[in-house]
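Participant: The following file, data38.cif, comprises mmCIF, N, CA and C atoms:
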data_structure
loop_
_atom_site.label_atom_id
_atom_site.label_comp_id
_atom_site.auth_asym_id
_atom_site.auth_seq_id
_atom_site.Cartn_x
_atom_site.Cartn_y
_atom_site.Cartn_z
N MET A 24 -33.13 36.88 -0.49
CA MET A 24 -32.68 35.63 -1.07
C MET A 24 -31.28 35.84 -1.65
N SER A 25 -30.37 34.95 -1.33
CA SER A 25 -28.99 35.10 -1.80
C SER A 25 -28.83 34.54 -3.21
N ASP A 26 -27.85 35.08 -3.90
CA ASP A 26 -27.51 34.62 -5.25
C ASP A 26 -26.57 33.44 -5.10
N SER A 27 -26.98 32.25 -5.54
CA SER A 27 -26.18 31.04 -5.34
C SER A 27 -25.39 30.64 -6.58
N ARG A 28 -25.36 31.46 -7.61
CA ARG A 28 -24.66 31.08 -8.83
C ARG A 28 -23.17 30.87 -8.60
N PHE A 29 -22.60 31.53 -7.62
CA PHE A 29 -21.16 31.46 -7.42
C PHE A 29 -20.79 30.72 -6.15
N ASP A 30 -21.68 29.87 -5.66
CA ASP A 30 -21.37 29.08 -4.48
C ASP A 30 -20.22 28.13 -4.77
N LEU A 31 -19.34 28.02 -3.81
CA LEU A 31 -18.23 27.07 -3.92
C LEU A 31 -18.73 25.67 -3.60
N PRO A 32 -18.03 24.65 -4.06
CA PRO A 32 -18.44 23.28 -3.74
C PRO A 32 -18.32 23.04 -2.24
N ASP A 33 -19.04 22.07 -1.78
CA ASP A 33 -19.00 21.67 -0.38
C ASP A 33 -17.57 21.27 -0.03
N LEU A 34 -17.07 21.82 1.07
CA LEU A 34 -15.68 21.53 1.46
C LEU A 34 -15.48 20.09 1.92
N GLU A 35 -16.57 19.40 2.22
CA GLU A 35 -16.47 18.01 2.64
C GLU A 35 -16.42 17.04 1.46
N VAL A 36 -16.63 17.54 0.27
CA VAL A 36 -16.63 16.69 -0.92
C VAL A 36 -15.19 16.32 -1.28
N THR A 37 -15.00 15.07 -1.63
CA THR A 37 -13.65 14.61 -1.97
C THR A 37 -13.25 15.09 -3.37
N ALA A 38 -11.95 15.07 -3.60
CA ALA A 38 -11.44 15.44 -4.93
C ALA A 38 -11.97 14.48 -5.99
N ALA A 39 -12.13 13.21 -5.65
CA ALA A 39 -12.65 12.24 -6.60
C ALA A 39 -14.08 12.58 -7.02
N GLU A 40 -14.88 13.06 -6.08
CA GLU A 40 -16.26 13.44 -6.41
C GLU A 40 -16.27 14.67 -7.31
N GLU A 41 -15.42 15.63 -7.02
CA GLU A 41 -15.35 16.83 -7.87
C GLU A 41 -14.86 16.45 -9.27
N ALA A 42 -13.88 15.56 -9.35
CA ALA A 42 -13.40 15.09 -10.65
C ALA A 42 -14.54 14.37 -11.38
N GLY A 43 -15.33 13.61 -10.66
CA GLY A 43 -16.47 12.92 -11.25
C GLY A 43 -17.48 13.88 -11.84
N VAL A 44 -17.76 14.95 -11.13
CA VAL A 44 -18.70 15.96 -11.65
C VAL A 44 -18.15 16.57 -12.94
N ILE A 45 -16.86 16.80 -12.99
CA ILE A 45 -16.24 17.34 -14.21
C ILE A 45 -16.35 16.32 -15.34
N LEU A 46 -16.05 15.05 -15.06
CA LEU A 46 -16.15 14.02 -16.09
C LEU A 46 -17.55 13.93 -16.66
N LEU A 47 -18.56 14.12 -15.83
CA LEU A 47 -19.94 14.01 -16.30
C LEU A 47 -20.28 15.07 -17.33
N GLY A 48 -19.49 16.13 -17.40
CA GLY A 48 -19.73 17.18 -18.38
C GLY A 48 -19.07 16.92 -19.73
N LEU A 49 -18.29 15.85 -19.85
CA LEU A 49 -17.62 15.55 -21.11
C LEU A 49 -18.58 14.93 -22.12
N ASP A 50 -18.26 15.08 -23.40
CA ASP A 50 -19.03 14.43 -24.46
C ASP A 50 -18.89 12.92 -24.31
N PRO A 51 -19.91 12.17 -24.74
CA PRO A 51 -19.85 10.70 -24.61
C PRO A 51 -18.62 10.08 -25.28
N ASP A 52 -18.21 10.61 -26.44
CA ASP A 52 -17.03 10.03 -27.09
C ASP A 52 -15.78 10.23 -26.25
N ARG A 53 -15.71 11.34 -25.53
CA ARG A 53 -14.55 11.57 -24.66
C ARG A 53 -14.58 10.65 -23.45
N LEU A 54 -15.77 10.36 -22.94
CA LEU A 54 -15.87 9.40 -21.84
C LEU A 54 -15.40 8.02 -22.29
N LEU A 55 -15.83 7.60 -23.48
CA LEU A 55 -15.39 6.30 -23.98
C LEU A 55 -13.89 6.29 -24.26
N ALA A 56 -13.37 7.38 -24.80
CA ALA A 56 -11.92 7.46 -25.04
C ALA A 56 -11.17 7.35 -23.72
N GLY A 57 -11.66 8.01 -22.70
CA GLY A 57 -11.02 7.92 -21.38
C GLY A 57 -11.08 6.52 -20.82
N LEU A 58 -12.23 5.87 -20.98
CA LEU A 58 -12.35 4.49 -20.52
C LEU A 58 -11.41 3.57 -21.29
N GLY A 59 -11.26 3.84 -22.58
CA GLY A 59 -10.35 3.05 -23.41
C GLY A 59 -8.90 3.22 -23.01
N PHE A 60 -8.55 4.41 -22.58
CA PHE A 60 -7.16 4.69 -22.22
C PHE A 60 -6.85 4.36 -20.77
N ALA A 61 -7.87 4.29 -19.93
CA ALA A 61 -7.65 4.13 -18.49
C ALA A 61 -6.84 2.89 -18.13
N GLY A 62 -6.93 1.85 -18.93
CA GLY A 62 -6.14 0.66 -18.63
C GLY A 62 -4.65 0.87 -18.84
N LEU A 63 -4.29 1.87 -19.65
CA LEU A 63 -2.89 2.14 -19.93
C LEU A 63 -2.26 3.10 -18.92
N ALA A 64 -3.00 4.09 -18.51
CA ALA A 64 -2.50 5.09 -17.55
C ALA A 64 -3.64 5.40 -16.61
N ASP A 65 -3.69 4.73 -15.50
CA ASP A 65 -4.87 4.78 -14.64
C ASP A 65 -4.84 5.93 -13.64
N ASP A 66 -4.77 7.14 -14.17
CA ASP A 66 -4.88 8.35 -13.37
C ASP A 66 -5.89 9.25 -14.09
N PRO A 67 -7.01 9.62 -13.45
CA PRO A 67 -8.06 10.36 -14.15
C PRO A 67 -7.57 11.66 -14.80
N GLY A 68 -6.75 12.42 -14.14
CA GLY A 68 -6.24 13.67 -14.72
C GLY A 68 -5.37 13.43 -15.94
N LEU A 69 -4.47 12.45 -15.83
CA LEU A 69 -3.60 12.11 -16.95
C LEU A 69 -4.41 11.60 -18.13
N VAL A 70 -5.39 10.78 -17.86
CA VAL A 70 -6.24 10.26 -18.92
C VAL A 70 -6.94 11.41 -19.64
N ALA A 71 -7.49 12.37 -18.91
CA ALA A 71 -8.17 13.51 -19.54
C ALA A 71 -7.22 14.29 -20.44
N GLN A 72 -5.98 14.48 -19.99
CA GLN A 72 -5.00 15.20 -20.81
C GLN A 72 -4.64 14.42 -22.08
N ILE A 73 -4.45 13.13 -21.95
CA ILE A 73 -4.09 12.31 -23.11
C ILE A 73 -5.24 12.26 -24.11
N VAL A 74 -6.48 12.15 -23.61
CA VAL A 74 -7.63 12.14 -24.50
C VAL A 74 -7.69 13.45 -25.29
N ASP A 75 -7.46 14.57 -24.63
CA ASP A 75 -7.44 15.86 -25.33
C ASP A 75 -6.33 15.91 -26.37
N ARG A 76 -5.14 15.41 -26.02
CA ARG A 76 -4.04 15.40 -26.98
C ARG A 76 -4.37 14.51 -28.17
N ALA A 77 -4.98 13.35 -27.91
CA ALA A 77 -5.35 12.44 -29.00
C ALA A 77 -6.42 13.08 -29.88
N ARG A 78 -7.34 13.77 -29.25
CA ARG A 78 -8.42 14.43 -29.99
C ARG A 78 -7.88 15.48 -30.94
N HIS A 79 -6.78 16.11 -30.56
CA HIS A 79 -6.18 17.16 -31.37
C HIS A 79 -4.99 16.65 -32.19
N GLY A 80 -4.81 15.35 -32.25
CA GLY A 80 -3.79 14.76 -33.10
C GLY A 80 -2.40 14.76 -32.49
N GLY A 81 -2.25 15.01 -31.20
CA GLY A 81 -0.94 15.08 -30.59
C GLY A 81 -0.53 13.83 -29.83
N PHE A 82 -1.13 12.72 -30.12
CA PHE A 82 -0.83 11.46 -29.45
C PHE A 82 -0.80 10.38 -30.51
N THR A 83 0.08 9.42 -30.40
CA THR A 83 0.25 8.44 -31.46
C THR A 83 -1.00 7.59 -31.70
N THR A 84 -1.76 7.33 -30.68
CA THR A 84 -3.04 6.65 -30.86
C THR A 84 -4.09 7.73 -31.03
N GLY A 85 -4.88 7.63 -32.07
CA GLY A 85 -5.88 8.64 -32.34
C GLY A 85 -7.10 8.54 -31.44
N HIS A 86 -7.85 9.61 -31.43
CA HIS A 86 -9.06 9.69 -30.62
C HIS A 86 -10.04 8.58 -31.01
N ALA A 87 -10.19 8.32 -32.29
CA ALA A 87 -11.13 7.30 -32.74
C ALA A 87 -10.75 5.92 -32.20
N GLU A 88 -9.44 5.62 -32.17
CA GLU A 88 -9.00 4.33 -31.63
C GLU A 88 -9.26 4.23 -30.13
N LEU A 89 -9.09 5.33 -29.42
CA LEU A 89 -9.39 5.32 -27.99
C LEU A 89 -10.88 5.14 -27.75
N VAL A 90 -11.71 5.79 -28.55
CA VAL A 90 -13.17 5.64 -28.43
C VAL A 90 -13.55 4.19 -28.70
N ASP A 91 -12.97 3.61 -29.73
CA ASP A 91 -13.26 2.21 -30.07
C ASP A 91 -12.85 1.28 -28.92
N GLY A 92 -11.68 1.53 -28.35
CA GLY A 92 -11.23 0.72 -27.21
C GLY A 92 -12.15 0.88 -26.00
N GLY A 93 -12.60 2.11 -25.78
CA GLY A 93 -13.53 2.37 -24.68
C GLY A 93 -14.87 1.69 -24.91
N ALA A 94 -15.33 1.68 -26.15
CA ALA A 94 -16.60 1.01 -26.47
C ALA A 94 -16.49 -0.49 -26.21
N ARG A 95 -15.36 -1.08 -26.61
CA ARG A 95 -15.16 -2.51 -26.33
C ARG A 95 -15.12 -2.76 -24.83
N ARG A 96 -14.44 -1.92 -24.09
CA ARG A 96 -14.35 -2.09 -22.63
C ARG A 96 -15.72 -1.91 -21.98
N TRP A 97 -16.49 -0.92 -22.46
CA TRP A 97 -17.83 -0.68 -21.94
C TRP A 97 -18.71 -1.92 -22.13
N ARG A 98 -18.67 -2.48 -23.33
CA ARG A 98 -19.49 -3.67 -23.61
C ARG A 98 -19.09 -4.83 -22.70
N LEU A 99 -17.81 -4.93 -22.39
CA LEU A 99 -17.31 -6.00 -21.53
C LEU A 99 -17.70 -5.79 -20.06
N LEU A 100 -17.60 -4.55 -19.55
CA LEU A 100 -17.79 -4.29 -18.13
C LEU A 100 -19.22 -3.91 -17.75
N ARG A 101 -20.01 -3.44 -18.70
CA ARG A 101 -21.37 -2.99 -18.39
C ARG A 101 -22.20 -4.05 -17.66
N PRO A 102 -22.20 -5.32 -18.10
CA PRO A 102 -23.00 -6.33 -17.39
C PRO A 102 -22.59 -6.50 -15.93
N ALA A 103 -21.31 -6.39 -15.63
CA ALA A 103 -20.86 -6.52 -14.24
C ALA A 103 -21.40 -5.39 -13.37
N VAL A 104 -21.41 -4.18 -13.91
CA VAL A 104 -21.95 -3.04 -13.14
C VAL A 104 -23.46 -3.20 -12.98
N ALA A 105 -24.13 -3.62 -14.04
CA ALA A 105 -25.58 -3.80 -13.98
C ALA A 105 -25.99 -4.87 -12.97
N ALA A 106 -25.12 -5.84 -12.74
CA ALA A 106 -25.43 -6.94 -11.82
C ALA A 106 -25.38 -6.53 -10.35
N VAL A 107 -24.73 -5.41 -10.05
CA VAL A 107 -24.63 -4.95 -8.66
C VAL A 107 -25.91 -4.18 -8.32
N PRO A 108 -26.58 -4.55 -7.23
CA PRO A 108 -27.82 -3.84 -6.86
C PRO A 108 -27.56 -2.34 -6.68
N ALA A 109 -28.50 -1.55 -7.17
CA ALA A 109 -28.38 -0.10 -7.09
C ALA A 109 -29.05 0.42 -5.82
N LYS A 110 -28.52 1.54 -5.32
CA LYS A 110 -29.19 2.24 -4.22
C LYS A 110 -30.32 3.06 -4.82
N ALA A 111 -31.25 3.45 -3.98
CA ALA A 111 -32.35 4.31 -4.45
C ALA A 111 -31.78 5.64 -4.91
N ALA A 112 -32.35 6.18 -5.97
CA ALA A 112 -31.89 7.46 -6.50
C ALA A 112 -32.04 8.55 -5.44
N SER A 113 -31.01 9.40 -5.34
CA SER A 113 -31.01 10.41 -4.30
C SER A 113 -31.38 11.79 -4.80
N GLY A 114 -31.20 12.04 -6.07
CA GLY A 114 -31.51 13.36 -6.62
C GLY A 114 -30.32 14.30 -6.64
N GLY A 115 -29.29 14.03 -5.87
CA GLY A 115 -28.10 14.88 -5.86
C GLY A 115 -27.01 14.29 -6.72
N LEU A 116 -26.39 15.13 -7.54
CA LEU A 116 -25.37 14.65 -8.47
C LEU A 116 -24.17 14.06 -7.74
N ARG A 117 -23.69 14.73 -6.70
CA ARG A 117 -22.52 14.21 -5.99
C ARG A 117 -22.84 12.91 -5.25
N ARG A 118 -24.03 12.82 -4.71
CA ARG A 118 -24.42 11.56 -4.05
C ARG A 118 -24.55 10.45 -5.09
N GLU A 119 -25.13 10.78 -6.25
CA GLU A 119 -25.23 9.78 -7.32
C GLU A 119 -23.83 9.33 -7.74
N TRP A 120 -22.90 10.28 -7.79
CA TRP A 120 -21.52 9.92 -8.14
C TRP A 120 -20.94 8.96 -7.10
N ARG A 121 -21.10 9.29 -5.82
CA ARG A 121 -20.57 8.43 -4.74
C ARG A 121 -21.17 7.03 -4.82
N ASP A 122 -22.50 6.96 -4.98
CA ASP A 122 -23.17 5.66 -5.04
C ASP A 122 -22.72 4.85 -6.25
N THR A 123 -22.59 5.52 -7.39
CA THR A 123 -22.17 4.82 -8.61
C THR A 123 -20.72 4.39 -8.52
N ALA A 124 -19.87 5.24 -7.97
CA ALA A 124 -18.46 4.87 -7.79
C ALA A 124 -18.33 3.65 -6.89
N ALA A 125 -19.13 3.59 -5.84
CA ALA A 125 -19.12 2.43 -4.94
C ALA A 125 -19.62 1.18 -5.68
N ARG A 126 -20.64 1.35 -6.49
CA ARG A 126 -21.18 0.24 -7.27
C ARG A 126 -20.13 -0.29 -8.25
N VAL A 127 -19.42 0.61 -8.91
CA VAL A 127 -18.38 0.22 -9.86
C VAL A 127 -17.24 -0.50 -9.13
N ALA A 128 -16.88 -0.01 -7.95
CA ALA A 128 -15.80 -0.64 -7.17
C ALA A 128 -16.16 -2.08 -6.81
N VAL A 129 -17.43 -2.34 -6.53
CA VAL A 129 -17.87 -3.71 -6.23
C VAL A 129 -17.87 -4.55 -7.52
N ALA A 130 -18.34 -3.95 -8.61
CA ALA A 130 -18.47 -4.68 -9.87
C ALA A 130 -17.13 -5.03 -10.50
N VAL A 131 -16.16 -4.11 -10.38
CA VAL A 131 -14.86 -4.27 -11.02
C VAL A 131 -13.78 -3.95 -9.98
N PRO A 132 -13.59 -4.84 -9.01
CA PRO A 132 -12.69 -4.53 -7.89
C PRO A 132 -11.23 -4.34 -8.27
N ASP A 133 -10.80 -4.89 -9.39
CA ASP A 133 -9.39 -4.76 -9.77
C ASP A 133 -9.12 -3.52 -10.63
N ALA A 134 -10.14 -2.73 -10.91
CA ALA A 134 -9.96 -1.52 -11.73
C ALA A 134 -9.25 -0.44 -10.92
N GLY A 135 -8.42 0.33 -11.60
CA GLY A 135 -7.73 1.44 -10.97
C GLY A 135 -8.62 2.68 -10.89
N PRO A 136 -8.12 3.77 -10.33
CA PRO A 136 -8.95 4.96 -10.11
C PRO A 136 -9.50 5.59 -11.39
N ALA A 137 -8.71 5.66 -12.44
CA ALA A 137 -9.22 6.27 -13.68
C ALA A 137 -10.27 5.37 -14.31
N ALA A 138 -10.03 4.08 -14.35
CA ALA A 138 -11.01 3.16 -14.92
C ALA A 138 -12.32 3.24 -14.15
N ARG A 139 -12.22 3.27 -12.81
CA ARG A 139 -13.44 3.38 -12.00
C ARG A 139 -14.15 4.70 -12.27
N ALA A 140 -13.39 5.79 -12.37
CA ALA A 140 -14.00 7.11 -12.60
C ALA A 140 -14.70 7.16 -13.95
N TYR A 141 -14.01 6.73 -15.01
CA TYR A 141 -14.63 6.79 -16.34
C TYR A 141 -15.78 5.80 -16.46
N LEU A 142 -15.66 4.64 -15.84
CA LEU A 142 -16.75 3.67 -15.88
C LEU A 142 -17.96 4.21 -15.12
N ALA A 143 -17.74 4.86 -13.99
CA ALA A 143 -18.85 5.47 -13.24
C ALA A 143 -19.53 6.55 -14.06
N ALA A 144 -18.74 7.40 -14.71
CA ALA A 144 -19.33 8.45 -15.55
C ALA A 144 -20.12 7.83 -16.70
N CYS A 145 -19.57 6.79 -17.31
CA CYS A 145 -20.29 6.12 -18.39
C CYS A 145 -21.59 5.49 -17.87
N TRP A 146 -21.53 4.93 -16.66
CA TRP A 146 -22.73 4.30 -16.11
C TRP A 146 -23.82 5.35 -15.86
N ILE A 147 -23.45 6.46 -15.28
CA ILE A 147 -24.44 7.51 -15.01
C ILE A 147 -25.05 8.01 -16.32
N ARG A 148 -24.25 8.05 -17.37
CA ARG A 148 -24.73 8.52 -18.68
C ARG A 148 -24.92 7.37 -19.66
N ARG A 149 -25.28 6.20 -19.12
CA ARG A 149 -25.33 4.97 -19.90
C ARG A 149 -26.27 5.01 -21.09
N GLU A 150 -27.36 5.78 -21.04
CA GLU A 150 -28.24 5.83 -22.21
C GLU A 150 -27.50 6.40 -23.42
N GLU A 151 -26.76 7.49 -23.22
CA GLU A 151 -25.97 8.08 -24.31
C GLU A 151 -24.85 7.14 -24.73
N ILE A 152 -24.18 6.55 -23.75
CA ILE A 152 -23.06 5.65 -24.04
C ILE A 152 -23.56 4.42 -24.79
N ASP A 153 -24.69 3.87 -24.37
CA ASP A 153 -25.25 2.70 -25.07
C ASP A 153 -25.60 3.05 -26.51
N ARG A 154 -26.23 4.20 -26.72
CA ARG A 154 -26.57 4.60 -28.10
C ARG A 154 -25.31 4.71 -28.95
N LEU A 155 -24.27 5.28 -28.37
CA LEU A 155 -23.02 5.45 -29.10
C LEU A 155 -22.36 4.10 -29.39
N THR A 156 -22.31 3.23 -28.41
CA THR A 156 -21.61 1.95 -28.59
C THR A 156 -22.43 0.95 -29.38
N ASP A 157 -23.72 1.19 -29.57
CA ASP A 157 -24.54 0.30 -30.39
C ASP A 157 -24.28 0.50 -31.87
N ARG A 158 -23.61 1.57 -32.23
CA ARG A 158 -23.32 1.84 -33.64
C ARG A 158 -22.22 0.91 -34.12
N GLU A 159 -22.32 0.49 -35.34
CA GLU A 159 -21.31 -0.37 -35.94
C GLU A 159 -20.00 0.37 -36.15
N ASP A 160 -20.09 1.57 -36.69
CA ASP A 160 -18.90 2.36 -37.00
C ASP A 160 -18.89 3.61 -36.14
N LEU A 161 -17.99 3.66 -35.18
CA LEU A 161 -17.92 4.82 -34.28
C LEU A 161 -17.18 5.99 -34.89
N ARG A 162 -16.49 5.80 -35.99
CA ARG A 162 -15.69 6.88 -36.57
C ARG A 162 -16.54 8.06 -37.02
N ASP A 163 -17.79 7.82 -37.39
CA ASP A 163 -18.62 8.93 -37.84
C ASP A 163 -19.16 9.78 -36.70
N VAL A 164 -18.99 9.33 -35.45
CA VAL A 164 -19.46 10.12 -34.32
C VAL A 164 -18.31 10.81 -33.60
N VAL A 165 -17.11 10.50 -33.96
CA VAL A 165 -15.94 11.12 -33.33
C VAL A 165 -15.62 12.41 -34.08
N PRO A 166 -15.62 13.53 -33.35
CA PRO A 166 -15.36 14.80 -34.04
C PRO A 166 -13.95 14.85 -34.62
N GLN A 167 -13.84 15.41 -35.79
CA GLN A 167 -12.53 15.60 -36.41
C GLN A 167 -12.04 16.99 -36.05
N ILE A 168 -11.05 17.06 -35.19
CA ILE A 168 -10.52 18.33 -34.73
C ILE A 168 -9.11 18.46 -35.29
N PRO A 169 -8.85 19.55 -35.97
CA PRO A 169 -7.51 19.69 -36.56
C PRO A 169 -6.43 19.80 -35.49
N ALA A 170 -5.27 19.25 -35.80
CA ALA A 170 -4.13 19.34 -34.89
C ALA A 170 -3.65 20.79 -34.83
N GLY A 171 -3.07 21.13 -33.68
CA GLY A 171 -2.47 22.45 -33.60
C GLY A 171 -3.02 23.28 -32.59
#
Can you turn what I pasted into structure tokens?
Facilitator:
Amino acid sequence: MSDSRFDLPDLEVTAAEEAGVILLGLDPDRLLAGLGFAGLADDPGLVAQIVDRARHGGFTTGHAELVDGGARRWRLLRPAVAAVPAKAASGGLRREWRDTAARVAVAVPDAGPAARAYLAACWIRREEIDRLTDREDLRDVVPQIPAG
């Protein structure tokens, strides 16, 4: 039996799918911050960098404000995604990403690539995102990370 811990990703997988798998590993507040920022700079890589800079105090808009903006956007867009019929669950993370990304593209056709990516990640992790956005004050869930 071979050791599969160091298997490389499938070469047929798109860069967007690999980026999606990475996004799924982020904390829920970072996903919301990315969704909040995606309307301003709709490139998934750039959004991830800006969210990190904001989290560490290196961006004029703070992490908490980005999370709050993402929460507002989530509340606005979630019903549109929920209204699109879902495919049967496949069990594979990359397939789930592809199916969800397609669902988001139908639900929010005018969204750019970063908005679609962060919205898809939020949808896949919607139970956590819903719990977070149901709170009145999101500032107590946003980690305080010192600048520097």
Participant: Tell me, in Å to one decimal, how far atom CA of A:Ala143 is from atom C of A:Glu41.
Facilitator: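 Here the two named atoms are 12.3 Å from each other.
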Participant: Taking only C-alpha atoms into account, which of A:Ala130, A:Ala125, A:Ile45, A:Leu155 comes nearest A:Lys110?
Facilitator: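 Selected residue with least distance to A:Lys110: A:Ala125.
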Participant: Find the axis-aligned box for stretch 52-59 of chain A, covering all its listed atoms and adding 4 Å on each side, and write its centre and edge lengths in Å to one decimal as JSON.
Facilitator:
{"center_x": -13.6, "center_y": 7.3, "center_z": -23.8, "size_x": 17.3, "size_y": 16.5, "size_z": 14.6}
Participant: Calculate how many Å separate atom C of A:Ile147 from atom N of A:Val131, rounding to one decimal.
Facilitator: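 A separation of 16.2 Å between them.
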Participant: Would you give me, as number ranges by chain, the residues in stretch 37-127 of chain A that DSSP reads as helix (DSSP H, G or I)?
Facilitator: A: 38-46, 51-61, 67-78, 86-106, 116-127
Participant: Quick one: residues within 7 Å of A:Trp120, all atoms listed in the file counted, chain neighbours fewer than 5 positions away excluded, as a count of residues only?
Facilitator: 5
Participant: Measuring atom to atom with only C-alpha atoms, identify which of A:Ala111, A:Ala77, A:Ala64, A:Leu58 is nearest to A:Leu142.
Facilitator: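 Checking each of A:Ala111, A:Ala77, A:Ala64, A:Leu58 against A:Leu142, counting only C-alpha atoms, the winner is A:Leu58.
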Participant: Which protein, DNA or RNA residues have an atom at most 6.5 Å from (-11.2, 11.2, -22.7), counting only N, CA and C atoms? List them as a list in words.
Facilitator: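 It turns out the residues near that spot are Asp52, Arg53, Leu54, Leu55, Ala56, Gly57, Leu58, Val70, Ala71, Ile73, Val74 and Asp75 of chain A.
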Participant: N, CA, C and O atoms are what I want for stretch 78-93 of chain A; can you complete it accordingly and write them as a PDB file, keeping the file's coordinate frame?
Facilitator:
ATOM      1  N   ARG A  78      -7.340  13.770 -29.250  1.00  0.00           N
ATOM      2  CA  ARG A  78      -8.420  14.430 -29.990  1.00  0.00           C
ATOM      3  C   ARG A  78      -7.880  15.480 -30.940  1.00  0.00           C
ATOM      4  O   ARG A  78      -8.435  15.735 -31.993  1.00  0.00           O
ATOM      5  N   HIS A  79      -6.780  16.110 -30.560  1.00  0.00           N
ATOM      6  CA  HIS A  79      -6.180  17.160 -31.370  1.00  0.00           C
ATOM      7  C   HIS A  79      -4.990  16.650 -32.190  1.00  0.00           C
ATOM      8  O   HIS A  79      -4.241  17.442 -32.746  1.00  0.00           O
ATOM      9  N   GLY A  80      -4.810  15.350 -32.250  1.00  0.00           N
ATOM     10  CA  GLY A  80      -3.790  14.760 -33.100  1.00  0.00           C
ATOM     11  C   GLY A  80      -2.400  14.760 -32.490  1.00  0.00           C
ATOM     12  O   GLY A  80      -1.434  14.482 -33.195  1.00  0.00           O
ATOM     13  N   GLY A  81      -2.250  15.010 -31.200  1.00  0.00           N
ATOM     14  CA  GLY A  81      -0.940  15.080 -30.590  1.00  0.00           C
ATOM     15  C   GLY A  81      -0.530  13.830 -29.830  1.00  0.00           C
ATOM     16  O   GLY A  81       0.359  13.870 -28.992  1.00  0.00           O
ATOM     17  N   PHE A  82      -1.130  12.720 -30.120  1.00  0.00           N
ATOM     18  CA  PHE A  82      -0.830  11.460 -29.450  1.00  0.00           C
ATOM     19  C   PHE A  82      -0.800  10.380 -30.510  1.00  0.00           C
ATOM     20  O   PHE A  82      -1.581  10.415 -31.460  1.00  0.00           O
ATOM     21  N   THR A  83       0.080   9.420 -30.400  1.00  0.00           N
ATOM     22  CA  THR A  83       0.250   8.440 -31.460  1.00  0.00           C
ATOM     23  C   THR A  83      -1.000   7.590 -31.700  1.00  0.00           C
ATOM     24  O   THR A  83      -1.240   7.168 -32.812  1.00  0.00           O
ATOM     25  N   THR A  84      -1.760   7.330 -30.680  1.00  0.00           N
ATOM     26  CA  THR A  84      -3.040   6.650 -30.860  1.00  0.00           C
ATOM     27  C   THR A  84      -4.090   7.730 -31.030  1.00  0.00           C
ATOM     28  O   THR A  84      -4.181   8.640 -30.227  1.00  0.00           O
ATOM     29  N   GLY A  85      -4.880   7.630 -32.070  1.00  0.00           N
ATOM     30  CA  GLY A  85      -5.880   8.640 -32.340  1.00  0.00           C
ATOM     31  C   GLY A  85      -7.100   8.540 -31.440  1.00  0.00           C
ATOM     32  O   GLY A  85      -7.344   7.509 -30.794  1.00  0.00           O
ATOM     33  N   HIS A  86      -7.850   9.610 -31.430  1.00  0.00           N
ATOM     34  CA  HIS A  86      -9.060   9.690 -30.620  1.00  0.00           C
ATOM     35  C   HIS A  86     -10.040   8.580 -31.010  1.00  0.00           C
ATOM     36  O   HIS A  86     -10.622   7.933 -30.131  1.00  0.00           O
ATOM     37  N   ALA A  87     -10.190   8.320 -32.290  1.00  0.00           N
ATOM     38  CA  ALA A  87     -11.130   7.300 -32.740  1.00  0.00           C
ATOM     39  C   ALA A  87     -10.750   5.920 -32.200  1.00  0.00           C
ATOM     40  O   ALA A  87     -11.623   5.141 -31.802  1.00  0.00           O
ATOM     41  N   GLU A  88      -9.440   5.620 -32.170  1.00  0.00           N
ATOM     42  CA  GLU A  88      -9.000   4.330 -31.630  1.00  0.00           C
ATOM     43  C   GLU A  88      -9.260   4.230 -30.130  1.00  0.00           C
ATOM     44  O   GLU A  88      -9.636   3.159 -29.638  1.00  0.00           O
ATOM     45  N   LEU A  89      -9.090   5.330 -29.420  1.00  0.00           N
ATOM     46  CA  LEU A  89      -9.390   5.320 -27.990  1.00  0.00           C
ATOM     47  C   LEU A  89     -10.880   5.140 -27.750  1.00  0.00           C
ATOM     48  O   LEU A  89     -11.290   4.405 -26.840  1.00  0.00           O
ATOM     49  N   VAL A  90     -11.710   5.790 -28.550  1.00  0.00           N
ATOM     50  CA  VAL A  90     -13.170   5.640 -28.430  1.00  0.00           C
ATOM     51  C   VAL A  90     -13.550   4.190 -28.700  1.00  0.00           C
ATOM     52  O   VAL A  90     -14.348   3.595 -27.961  1.00  0.00           O
ATOM     53  N   ASP A  91     -12.970   3.610 -29.730  1.00  0.00           N
ATOM     54  CA  ASP A  91     -13.260   2.210 -30.070  1.00  0.00           C
ATOM     55  C   ASP A  91     -12.850   1.280 -28.920  1.00  0.00           C
ATOM     56  O   ASP A  91     -13.588   0.372 -28.556  1.00  0.00           O
ATOM     57  N   GLY A  92     -11.680   1.530 -28.350  1.00  0.00           N
ATOM     58  CA  GLY A  92     -11.230   0.720 -27.210  1.00  0.00           C
ATOM     59  C   GLY A  92     -12.150   0.880 -26.000  1.00  0.00           C
ATOM     60  O   GLY A  92     -12.451  -0.079 -25.298  1.00  0.00           O
ATOM     61  N   GLY A  93     -12.600   2.110 -25.780  1.00  0.00           N
ATOM     62  CA  GLY A  93     -13.530   2.370 -24.680  1.00  0.00           C
ATOM     63  C   GLY A  93     -14.870   1.690 -24.910  1.00  0.00           C
ATOM     64  O   GLY A  93     -15.478   1.160 -23.967  1.00  0.00           O
TER      65      GLY A  93
END
